[in-house]
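What follows is one structure encoded as structure tokens, with my remarks underneath.
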Amino acid sequence: RERKKGLGGSEQIIKHEGDGAEAEGTMNIGRLIETLGEVIEPYPKSVPLTMEVDEDVPQIIVADDLKIFRSALNYLTNACRHTVEGYVHLRLYVKNFEGFDHVVFECEDTGPGIEVEKYPSLFVPFCGEEDAQKRLQFTAANKDFGLDHTQMNNSGLGLYSVASSIQSLGGEFGFHPREDAESDQPTTGCVFWFSVPLVFPPSAKYDD
């Protein structure tokens, strides 16, 4: 392994083939955004959907593109499904988490929002009185991190698959109500986000 300086001066661990570590695949950010746009295009929408990538997000990173694609698509389809006025917006940017840079995927919508009592159970498979058999069925059904909302958690949003995928990549995930600092009126909507460690491919060039 080799440590290199990443954005914001943080160190990134680079895994090389032959050092005993399994080589991870790389992900092209531009291609990911293009594919997301193509897949989400026929999905029913009542509002505009836009995507934005900040300039400091590298074009190529080391990541599991399938898990990230499915997680981002989950957020987008949920937002489109519940938003009938306003917009849905996906933004990618770099943020430092405890000394290491992550690429953050943040999906904001102007939908009705989520009831406060549902916050604690958003990213868990089952809650309340769901029995162990249903939990096992859920796990088996989502081994491939599919997007079948009928077998997801009580919120019906399929967020446990996002949590499982992102945790397996060493990332973070979360939710908070949308805020609008420019408006005096109460706001509605949600911001769902996840992040993955910003790791450059071994072939990338770095400045000391």
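Quick note on naming: the chains in the structure tokens go A, B, ... in the order shown, residues restart at 1 in each chain, and ligands are numbered from 1 in order of appearance.
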
Selection: 8 Å around Thr188 in chain A, only C-alpha atoms, excl. self and same-chain fewer than 4 positions, as a PyMOL selection string: chain A and resi 110-113+177-179

#### Entry: Who sits within 12 Å of range 46-49 of chain A, only C-alpha atoms, same chain under 2 positions skipped, as a ChimeraX atom specification
/A:36-37,40-44,51-52,76-77,79-91,107-111

Report task. Just the residues within 7 Å of range 55-64 of chain A, please, counting only C-alpha atoms, with nothing from its chain fewer than 5 positions along; format it as a list in words. Result ->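 In the requested form, the answer reads Glu24, Gly25, Thr26, Met27, Asn28, Ile29, Gly30, Tyr93, Val94, Leu198, Val199, Phe200 and Pro201 of chain A.
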
Computed gap from CA of Asp54 in chain A to CA of Asp180 in chain A is 20.3 Å
